[in-house]
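So this block is start.csv, CSV, C-alpha atoms (C1' of nucleotides):
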chain,number,residue,atom,x,y,z
A,1,MET,CA,22.5,-1.8,-34.0
A,2,SER,CA,23.2,1.9,-33.9
A,3,TYR,CA,22.5,4.6,-36.5
A,4,LEU,CA,25.0,6.5,-38.5
A,5,ARG,CA,25.3,10.2,-38.4
A,6,ILE,CA,26.2,12.2,-41.4
A,7,GLY,CA,29.8,12.3,-40.5
A,8,ASP,CA,30.0,8.5,-40.1
A,9,LEU,CA,28.4,8.0,-43.5
A,10,SER,CA,30.7,10.5,-45.2
A,11,LYS,CA,33.8,8.9,-43.6
A,12,ARG,CA,32.8,5.5,-45.0
A,13,THR,CA,32.0,6.7,-48.6
A,14,GLU,CA,34.7,8.9,-50.0
A,15,THR,CA,32.3,11.8,-49.7
A,16,ASN,CA,31.8,14.6,-47.2
A,17,ASN,CA,28.8,16.0,-45.2
A,18,GLU,CA,28.0,18.7,-47.7
A,19,THR,CA,28.0,16.4,-50.6
A,20,LEU,CA,25.7,14.0,-48.8
A,21,ARG,CA,23.2,16.8,-48.1
A,22,PHE,CA,23.6,17.9,-51.7
A,23,TYR,CA,22.7,14.4,-52.9
A,24,GLU,CA,19.7,14.4,-50.7
A,25,SER,CA,18.6,17.7,-52.0
A,26,LYS,CA,18.9,16.4,-55.5
A,27,GLY,CA,16.8,13.3,-54.7
A,28,LEU,CA,19.6,10.8,-55.0
A,29,LEU,CA,19.4,9.9,-51.3
A,30,ASP,CA,16.1,9.5,-49.5
A,31,GLU,CA,15.4,11.8,-46.6
A,32,PRO,CA,16.7,9.9,-43.6
A,33,ARG,CA,15.2,9.5,-40.2
A,34,ARG,CA,16.0,12.3,-37.8
A,35,SER,CA,17.1,12.3,-34.2
A,36,ASP,CA,15.2,14.5,-31.7
A,37,ALA,CA,17.8,17.2,-32.3
A,38,GLY,CA,17.2,17.0,-36.0
A,39,TYR,CA,20.4,15.1,-36.8
A,40,ARG,CA,20.2,12.8,-39.9
A,41,LEU,CA,20.2,9.1,-38.9
A,42,TYR,CA,21.3,6.7,-41.6
A,43,THR,CA,21.2,2.9,-41.9
A,44,GLU,CA,23.7,0.6,-43.5
A,45,GLU,CA,21.7,0.7,-46.7
A,46,ALA,CA,22.7,4.3,-47.1
A,47,VAL,CA,26.3,3.2,-47.2
A,48,SER,CA,25.7,0.9,-50.2
A,49,LYS,CA,23.7,3.6,-51.9
A,50,VAL,CA,26.3,6.3,-51.5
A,51,ASN,CA,29.1,3.9,-52.6
A,52,PHE,CA,27.1,3.1,-55.7
A,53,ILE,CA,26.7,6.8,-56.5
A,54,VAL,CA,30.4,7.4,-56.0
A,55,ARG,CA,31.4,4.4,-58.2
A,56,ALA,CA,28.9,5.3,-61.0
A,57,LYS,CA,30.1,8.8,-61.1
A,58,ARG,CA,33.6,7.6,-61.5
A,59,MET,CA,32.4,5.6,-64.5
A,60,GLY,CA,31.4,8.9,-66.1
A,61,PHE,CA,27.7,8.8,-65.3
A,62,SER,CA,26.1,12.1,-64.5
A,63,LEU,CA,24.1,12.5,-61.3
A,64,LYS,CA,21.0,12.5,-63.5
A,65,GLU,CA,22.0,9.1,-64.9
A,66,VAL,CA,22.9,7.8,-61.5
A,67,ALA,CA,19.5,8.7,-60.3
A,68,GLU,CA,18.0,6.8,-63.3
A,69,LEU,CA,20.1,3.7,-62.5
A,70,LEU,CA,19.0,3.9,-58.8
A,71,SER,CA,15.4,4.2,-59.9
A,72,LEU,CA,15.5,1.0,-61.8
A,73,ARG,CA,13.2,-1.1,-59.7
A,74,VAL,CA,11.4,-4.2,-60.7
A,75,ASP,CA,8.3,-5.0,-58.6
A,76,ARG,CA,7.2,-8.4,-59.6
A,77,GLU,CA,3.7,-7.8,-58.3
A,78,SER,CA,3.0,-4.5,-59.9
A,79,SER,CA,4.8,-5.6,-63.0
A,80,THR,CA,6.3,-2.3,-64.1
A,81,CYS,CA,8.5,-4.4,-66.5
A,82,GLY,CA,8.2,-2.6,-69.8
A,83,ASP,CA,9.8,0.7,-68.9
A,84,VAL,CA,12.4,-0.8,-66.5
A,85,LYS,CA,13.5,-3.3,-69.1
A,86,ILE,CA,13.9,-0.7,-71.9
A,87,MET,CA,15.9,1.5,-69.6
A,88,ALA,CA,18.1,-1.2,-68.2
A,89,GLU,CA,18.8,-2.4,-71.7
A,90,GLN,CA,19.8,1.1,-72.8
A,91,LYS,CA,22.1,1.4,-69.8
A,92,LEU,CA,23.6,-1.9,-70.7
A,93,ILE,CA,24.4,-0.6,-74.1
A,94,ASP,CA,26.1,2.5,-72.6
A,95,ILE,CA,28.1,0.3,-70.3
A,96,ASP,CA,29.2,-2.1,-73.1
A,97,LYS,CA,30.3,1.0,-75.1
A,98,LYS,CA,32.4,2.2,-72.1
A,99,LEU,CA,33.8,-1.3,-71.6
A,100,LYS,CA,35.0,-1.4,-75.3
A,101,GLU,CA,36.6,2.0,-75.2
A,102,LEU,CA,38.3,1.3,-71.8
A,103,ASN,CA,39.7,-2.0,-73.2
A,104,LEU,CA,41.1,-0.1,-76.2
A,105,MET,CA,42.7,2.4,-73.9
A,106,LYS,CA,44.1,-0.4,-71.8
A,107,THR,CA,45.7,-2.1,-74.7
A,108,ALA,CA,47.2,1.2,-75.8
A,109,LEU,CA,48.6,2.0,-72.4
A,110,GLU,CA,50.1,-1.5,-72.2
A,111,GLN,CA,51.8,-0.9,-75.5
A,112,ILE,CA,53.3,2.3,-74.2
A,113,THR,CA,54.7,0.6,-71.1
A,114,GLU,CA,56.0,-2.1,-73.3
A,115,ALA,CA,57.6,0.3,-75.9
A,116,CYS,CA,59.1,2.1,-72.9
A,117,CYS,CA,61.6,-0.2,-71.5
A,118,GLY,CA,63.0,-3.2,-73.3
A,119,GLY,CA,59.9,-4.2,-75.2
A,120,GLU,CA,60.1,-5.8,-78.6
A,121,LYS,CA,58.7,-2.8,-80.4
A,122,SER,CA,61.2,-0.5,-82.0
A,123,ALA,CA,59.1,2.6,-81.8
A,124,VAL,CA,61.1,5.7,-81.8
A,125,HIS,CA,58.2,7.7,-80.6
A,126,CYS,CA,55.3,6.1,-78.8
A,127,THR,CA,52.3,8.0,-77.7
A,128,ILE,CA,48.9,6.9,-76.7
A,129,LEU,CA,47.6,7.9,-80.1
A,130,ASN,CA,50.1,5.9,-82.0
A,131,ALA,CA,49.4,2.9,-79.7
A,132,LEU,CA,45.7,3.3,-80.4
A,133,ASP,CA,46.3,3.4,-84.1
A,134,GLU,CA,48.3,0.2,-84.0
A,135,THR,CA,45.5,-1.3,-81.9
A,136,SER,CA,42.7,-0.7,-84.2
B,1,MET,CA,45.8,16.4,-99.5
B,2,SER,CA,43.6,19.1,-98.2
B,3,TYR,CA,43.3,20.6,-94.8
B,4,LEU,CA,40.4,20.6,-92.4
B,5,ARG,CA,38.8,23.7,-91.2
B,6,ILE,CA,37.4,23.9,-87.7
B,7,GLY,CA,33.9,23.1,-88.9
B,8,ASP,CA,35.1,20.0,-90.7
B,9,LEU,CA,36.9,18.8,-87.6
B,10,SER,CA,34.0,19.4,-85.3
B,11,LYS,CA,31.6,17.6,-87.7
B,12,ARG,CA,33.8,14.5,-87.6
B,13,THR,CA,34.3,14.4,-83.8
B,14,GLU,CA,31.1,14.8,-81.8
B,15,THR,CA,32.2,18.3,-80.8
B,16,ASN,CA,31.6,21.8,-82.1
B,17,ASN,CA,33.8,24.7,-83.0
B,18,GLU,CA,33.6,26.4,-79.7
B,19,THR,CA,34.6,23.3,-77.8
B,20,LEU,CA,37.6,22.8,-80.1
B,21,ARG,CA,38.8,26.3,-79.5
B,22,PHE,CA,38.2,25.7,-75.8
B,23,TYR,CA,40.3,22.6,-75.9
B,24,GLU,CA,43.1,24.5,-77.7
B,25,SER,CA,42.9,27.2,-75.1
B,26,LYS,CA,43.4,24.6,-72.4
B,27,GLY,CA,46.4,23.1,-74.1
B,28,LEU,CA,44.7,19.8,-75.1
B,29,LEU,CA,45.0,20.6,-78.7
B,30,ASP,CA,48.1,22.1,-80.3
B,31,GLU,CA,47.8,25.4,-82.0
B,32,PRO,CA,47.2,24.5,-85.6
B,33,ARG,CA,48.6,26.0,-88.7
B,34,ARG,CA,46.7,29.0,-89.9
B,35,SER,CA,45.6,30.0,-93.4
B,36,ASP,CA,46.4,33.5,-94.7
B,37,ALA,CA,43.1,34.7,-93.4
B,38,GLY,CA,43.8,33.2,-90.0
B,39,TYR,CA,41.6,30.2,-90.2
B,40,ARG,CA,42.7,27.1,-88.3
B,41,LEU,CA,43.9,24.4,-90.6
B,42,TYR,CA,43.9,20.9,-89.1
B,43,THR,CA,45.4,17.6,-90.2
B,44,GLU,CA,44.0,14.1,-89.9
B,45,GLU,CA,46.0,13.7,-86.7
B,46,ALA,CA,43.8,16.2,-85.0
B,47,VAL,CA,40.8,14.0,-85.8
B,48,SER,CA,42.4,11.1,-83.9
B,49,LYS,CA,43.3,13.4,-81.0
B,50,VAL,CA,39.9,14.9,-80.6
B,51,ASN,CA,38.2,11.6,-80.9
B,52,PHE,CA,40.5,10.3,-78.1
B,53,ILE,CA,39.6,13.3,-76.0
B,54,VAL,CA,35.9,12.7,-76.5
B,55,ARG,CA,36.2,9.0,-75.7
B,56,ALA,CA,38.4,9.5,-72.6
B,57,LYS,CA,35.9,12.1,-71.3
B,58,ARG,CA,33.1,9.6,-71.7
B,59,MET,CA,35.1,7.2,-69.5
B,60,GLY,CA,34.9,9.7,-66.7
B,61,PHE,CA,38.4,11.2,-67.1
B,62,SER,CA,38.6,14.9,-66.5
B,63,LEU,CA,40.2,17.2,-69.1
B,64,LYS,CA,43.2,17.4,-66.8
B,65,GLU,CA,43.5,13.6,-66.8
B,66,VAL,CA,43.0,13.5,-70.5
B,67,ALA,CA,45.8,16.0,-71.0
B,68,GLU,CA,48.0,13.7,-68.8
B,69,LEU,CA,47.1,10.7,-71.0
B,70,LEU,CA,47.9,12.6,-74.1
B,71,SER,CA,51.2,13.7,-72.7
B,72,LEU,CA,52.4,10.1,-72.2
B,73,ARG,CA,55.1,10.0,-74.9
B,74,VAL,CA,58.0,7.6,-75.0
B,75,ASP,CA,61.0,8.8,-76.9
B,76,ARG,CA,63.3,5.9,-77.3
B,77,GLU,CA,66.3,8.2,-77.9
B,78,SER,CA,65.7,10.6,-75.0
B,79,SER,CA,64.6,7.7,-72.9
B,80,THR,CA,62.2,9.5,-70.7
B,81,CYS,CA,61.1,6.1,-69.6
B,82,GLY,CA,60.9,6.3,-65.9
B,83,ASP,CA,58.2,9.0,-65.5
B,84,VAL,CA,56.2,7.8,-68.5
B,85,LYS,CA,56.1,4.2,-67.3
B,86,ILE,CA,55.1,5.2,-63.7
B,87,MET,CA,52.3,7.3,-65.0
B,88,ALA,CA,51.1,4.8,-67.6
B,89,GLU,CA,51.0,2.1,-65.0
B,90,GLN,CA,49.0,4.4,-62.7
B,91,LYS,CA,46.5,5.0,-65.5
B,92,LEU,CA,46.3,1.3,-66.1
B,93,ILE,CA,45.4,0.8,-62.5
B,94,ASP,CA,42.7,3.4,-62.8
B,95,ILE,CA,41.4,1.8,-66.0
B,96,ASP,CA,41.4,-1.7,-64.4
B,97,LYS,CA,39.4,-0.4,-61.5
B,98,LYS,CA,36.8,1.2,-63.9
B,99,LEU,CA,36.6,-2.1,-65.8
B,100,LYS,CA,35.9,-4.1,-62.7
B,101,GLU,CA,33.3,-1.7,-61.5
B,102,LEU,CA,31.6,-1.5,-64.9
B,103,ASN,CA,31.5,-5.2,-65.2
B,104,LEU,CA,29.8,-5.4,-61.8
B,105,MET,CA,27.3,-2.9,-62.9
B,106,LYS,CA,26.7,-4.8,-66.1
B,107,THR,CA,26.0,-8.0,-64.2
B,108,ALA,CA,23.7,-6.2,-61.9
B,109,LEU,CA,21.8,-4.7,-64.8
B,110,GLU,CA,21.5,-8.1,-66.5
B,111,GLN,CA,20.0,-9.5,-63.3
B,112,ILE,CA,17.5,-6.7,-63.3
B,113,THR,CA,16.4,-7.4,-66.9
B,114,GLU,CA,16.3,-11.1,-66.1
B,115,ALA,CA,14.3,-10.6,-62.9
B,116,CYS,CA,12.0,-8.4,-64.9
B,117,CYS,CA,10.3,-10.7,-67.4
B,118,GLY,CA,10.1,-14.4,-67.0
B,119,GLY,CA,13.5,-15.0,-65.4
B,120,GLU,CA,14.2,-17.8,-62.9
B,121,LYS,CA,14.7,-15.4,-60.1
B,122,SER,CA,11.8,-14.9,-57.8
B,123,ALA,CA,12.7,-11.5,-56.6
B,124,VAL,CA,9.7,-9.5,-55.5
B,125,HIS,CA,11.7,-6.3,-55.6
B,126,CYS,CA,14.8,-6.1,-57.6
B,127,THR,CA,16.9,-2.9,-57.7
B,128,ILE,CA,20.4,-2.3,-58.9
B,129,LEU,CA,21.6,-2.3,-55.3
B,130,ASN,CA,20.0,-5.7,-54.5
B,131,ALA,CA,21.4,-7.0,-57.7
B,132,LEU,CA,24.9,-5.7,-56.8
B,133,ASP,CA,24.6,-7.3,-53.4
B,134,GLU,CA,23.8,-10.7,-54.9
B,135,THR,CA,26.7,-10.2,-57.4
B,136,SER,CA,29.4,-9.7,-54.8
C,1,DA,C1',28.6,41.6,-106.9
C,2,DT,C1',26.2,40.3,-103.2
C,3,DT,C1',24.3,37.0,-100.1
C,4,DG,C1',25.0,33.5,-96.9
C,5,DA,C1',27.8,30.2,-94.7
C,6,DG,C1',31.9,29.9,-92.2
C,7,DC,C1',35.7,31.8,-89.7
C,8,DT,C1',38.1,35.2,-86.2
C,9,DT,C1',38.7,37.1,-81.2
C,10,DG,C1',37.0,38.4,-76.9
C,11,DT,C1',34.0,38.4,-73.3
C,12,DA,C1',30.0,37.0,-70.8
C,13,DG,C1',26.8,33.5,-69.3
C,14,DT,C1',25.3,28.7,-68.0
C,15,DA,C1',24.8,24.0,-66.1
C,16,DG,C1',26.4,20.6,-63.1
C,17,DA,C1',28.5,19.3,-59.0
C,18,DC,C1',30.0,20.6,-55.4
C,19,DT,C1',32.1,23.6,-51.3
C,20,DC,C1',32.1,27.1,-48.0
C,21,DT,C1',30.4,30.4,-44.5
C,22,DA,C1',27.5,32.1,-41.0
C,23,DA,C1',24.9,31.7,-37.0
C,24,DG,C1',23.5,28.7,-34.0
C,25,DG,C1',22.0,24.2,-31.5
C,26,DT,C1',23.8,19.3,-29.7
C,27,DT,C1',26.9,15.7,-28.0
C,28,DT,C1',31.0,13.9,-26.4
C,29,DT,C1',35.1,14.1,-23.7
C,30,DA,C1',38.6,15.8,-20.6
D,1,DT,C1',31.1,22.1,-16.7
D,2,DA,C1',33.2,23.7,-20.3
D,3,DA,C1',35.7,23.0,-24.4
D,4,DA,C1',35.9,20.4,-28.6
D,5,DA,C1',33.7,18.1,-32.0
D,6,DC,C1',29.5,17.4,-34.4
D,7,DC,C1',25.2,18.7,-36.3
D,8,DT,C1',21.4,22.1,-38.5
D,9,DT,C1',19.7,25.4,-42.4
D,10,DA,C1',20.1,28.9,-45.9
D,11,DG,C1',22.5,31.0,-49.0
D,12,DA,C1',26.6,32.4,-51.4
D,13,DG,C1',30.7,31.1,-53.9
D,14,DT,C1',33.8,28.0,-56.8
D,15,DC,C1',35.4,25.0,-60.3
D,16,DT,C1',34.9,22.5,-64.6
D,17,DA,C1',33.5,22.4,-69.0
D,18,DC,C1',31.4,24.3,-72.0
D,19,DT,C1',28.1,27.7,-74.7
D,20,DA,C1',26.5,31.8,-76.5
D,21,DC,C1',26.9,36.3,-78.1
D,22,DA,C1',29.0,40.5,-80.7
D,23,DA,C1',31.4,42.6,-84.2
D,24,DG,C1',33.7,41.8,-87.9
D,25,DC,C1',36.5,39.4,-91.7
D,26,DT,C1',36.6,35.5,-95.6
D,27,DC,C1',35.1,32.3,-98.9
D,28,DA,C1',31.9,29.9,-102.1
D,29,DA,C1',28.0,30.2,-104.9
D,30,DT,C1',24.5,32.3,-107.6
This entry written out as structure tokens:
Amino acid sequence: MSYLRIGDLSKRTETNNETLRFYESKGLLDEPRRSDAGYRLYTEEAVSKVNFIVRAKRMGFSLKEVAELLSLRVDRESSTCGDVKIMAEQKLIDIDKKLKELNLMKTALEQITEACCGGEKSAVHCTILNALDETS
Amino acid sequence: MSYLRIGDLSKRTETNNETLRFYESKGLLDEPRRSDAGYRLYTEEAVSKVNFIVRAKRMGFSLKEVAELLSLRVDRESSTCGDVKIMAEQKLIDIDKKLKELNLMKTALEQITEACCGGEKSAVHCTILNALDETS
DNA sequence: ATTGAGCTTGTAGTAGACTCTAAGGTTTTA
DNA sequence: TAAAACCTTAGAGTCTACTACAAGCTCAAT
């Protein structure tokens, strides 16, 4: 099929051309193939990769952490297991922590919407902090 | 009971004095009572509030968004329901989205650790992007 | 009473992550 | 074929969120 130019890639990934070049300069994206004129030519793989970066950033991971996540690569033959496993497990711990905290916030927000209009709760004042207190 | 000085508060909240003053300057923290000498005197409520800020930031919310979350306040009497409810529901949508994405990442990471050492999968190369592909 | 830890304000500096501009070459479309 | 839309690099500028002084006051402990 046909290649993607930087503008095509940015349109499909909630980014823009400058950001994509910036990610490349930071090593998050591989240097792509170039056309004769020097235009960057991307494959579909780049779309997945950029979308992953965008999502991971939204989760609160820094670009450095995103780079680490992307670098997790198990090669069965070269058996680089040790390091990869330790790192993946650490990231799993981070993610579980985020999941717990998000779930708490969710419960708190649900209590607020409930307290708001016609809920059972008779809260005179309901804030997210009150709601969290009642949650824990 | 006794008050908390800024150092006490920072020690209990994964922050430091400068950051707390910065948050105050940005309106995330109310201006606290002052001692005769002008020292900031905090209550236990401030501990909850700062801890909430720290957690929400870790979830990828910007300070602006954290301020919005903190401002969600239902007063039964003044019934400011409409706005609060709309905003809380929007934040719930954001949080659900983050939860979904985190869970996907979690599954992917688990596949990587599994592919790593002795798992059933016969992946020659396993990266987080491959794992995510197989997940979806 | 004095030393050291802790607090004050104000201002400047930094790191991370973009974002924009300039000057110019390329490709597409009317 | 010429305008409009797209691409290039290099470098400067911006925004967010701190972080680090400087100069000085206060509090607790020896």
Sorted per-residue table, chain C near chain A, closest atoms and distance, 8 Å, only C-alpha atoms (C1' of nucleotides), as JSON lines:
{"residue": "C:DC18", "atom": "C1'", "partner": "A:Thr19", "partner_atom": "CA", "distance": 6.7}
{"residue": "C:DT19", "atom": "C1'", "partner": "A:Glu18", "partner_atom": "CA", "distance": 7.3}
{"residue": "C:DT26", "atom": "C1'", "partner": "A:Ala37", "partner_atom": "CA", "distance": 6.9}
Please dump the current selection as a PDB file, keeping the file's coordinate frame; keep C-alpha atoms (C1' of nucleotides).
ATOM      1  C1'  DC C  18      30.000  20.600 -55.400  1.00  0.00           C
ATOM      2  C1'  DT C  19      32.100  23.600 -51.300  1.00  0.00           C
ATOM      3  C1'  DT C  26      23.800  19.300 -29.700  1.00  0.00           C
TER       4       DT C  26
END
Quiz item: What residues in chain A have any atom no more than 8 Å from chain B when counting only C-alpha atoms, and can you write them as number ranges by chain?
Solution: A: 48-49, 52, 55, 57-61, 69-77, 79, 81, 84-85, 88-89, 91-92, 95-96, 98-99, 101-102, 106, 109-110, 112-113, 115-117, 123-129
Practice problem: In Å, rounded to a single decimal, give me how far CA of Leu28 in chain A is from CA of Val66 in chain A. | Solution: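 Interatomic distance, CA of Val66 in chain A to CA of Leu28 in chain A: 7.9 Å.
In this model, the gap between CA of Ser35 in chain B and C1' of DC18 in chain D comes to 26.3 Å.
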Quiz item: Can you list, as a ChimeraX atom specification, every protein, DNA or RNA residue that comes within 9 Å of range 1-9 of chain D when you count all atoms listed in the file, leaving out same-chain residues fewer than 5 positions away?
Solution: /A:5-7,37-40 /C:24-30
Please export chain D as a PDB file, in the first residue's frame, restricted to C-alpha atoms (C1' of nucleotides).
ATOM      1  C1'  DT D   1       1.717  26.715 -14.929  1.00  0.00           C
ATOM      2  C1'  DA D   2       0.969  28.803 -10.957  1.00  0.00           C
ATOM      3  C1'  DA D   3      -1.169  28.902  -6.595  1.00  0.00           C
ATOM      4  C1'  DA D   4      -2.090  26.284  -2.506  1.00  0.00           C
ATOM      5  C1'  DA D   5      -0.889  22.830   0.457  1.00  0.00           C
ATOM      6  C1'  DC D   6       2.744  20.139   2.178  1.00  0.00           C
ATOM      7  C1'  DC D   7       7.332  19.085   3.512  1.00  0.00           C
ATOM      8  C1'  DT D   8      12.476  20.181   5.308  1.00  0.00           C
ATOM      9  C1'  DT D   9      15.922  21.959   9.162  1.00  0.00           C
ATOM     10  C1'  DA D  10      17.481  24.889  12.739  1.00  0.00           C
ATOM     11  C1'  DG D  11      16.677  27.510  16.305  1.00  0.00           C
ATOM     12  C1'  DA D  12      13.957  30.388  19.299  1.00  0.00           C
ATOM     13  C1'  DG D  13       9.965  30.849  22.209  1.00  0.00           C
ATOM     14  C1'  DT D  14       6.175  29.217  25.367  1.00  0.00           C
ATOM     15  C1'  DC D  15       3.673  26.920  29.002  1.00  0.00           C
ATOM     16  C1'  DT D  16       3.395  24.093  33.075  1.00  0.00           C
ATOM     17  C1'  DA D  17       5.029  22.853  37.194  1.00  0.00           C
ATOM     18  C1'  DC D  18       8.067  23.289  39.941  1.00  0.00           C
ATOM     19  C1'  DT D  19      12.831  24.512  42.352  1.00  0.00           C
ATOM     20  C1'  DA D  20      16.352  27.304  44.100  1.00  0.00           C
ATOM     21  C1'  DC D  21      18.206  31.332  45.907  1.00  0.00           C
ATOM     22  C1'  DA D  22      18.601  35.683  48.877  1.00  0.00           C
ATOM     23  C1'  DA D  23      17.813  38.299  52.783  1.00  0.00           C
ATOM     24  C1'  DG D  24      15.746  38.282  56.795  1.00  0.00           C
ATOM     25  C1'  DC D  25      12.574  36.984  60.786  1.00  0.00           C
ATOM     26  C1'  DT D  26      11.145  33.232  64.507  1.00  0.00           C
ATOM     27  C1'  DC D  27      11.309  29.376  67.395  1.00  0.00           C
ATOM     28  C1'  DA D  28      13.322  25.458  70.052  1.00  0.00           C
ATOM     29  C1'  DA D  29      17.132  23.647  72.354  1.00  0.00           C
ATOM     30  C1'  DT D  30      21.494  23.723  74.639  1.00  0.00           C
TER      31       DT D  30
END
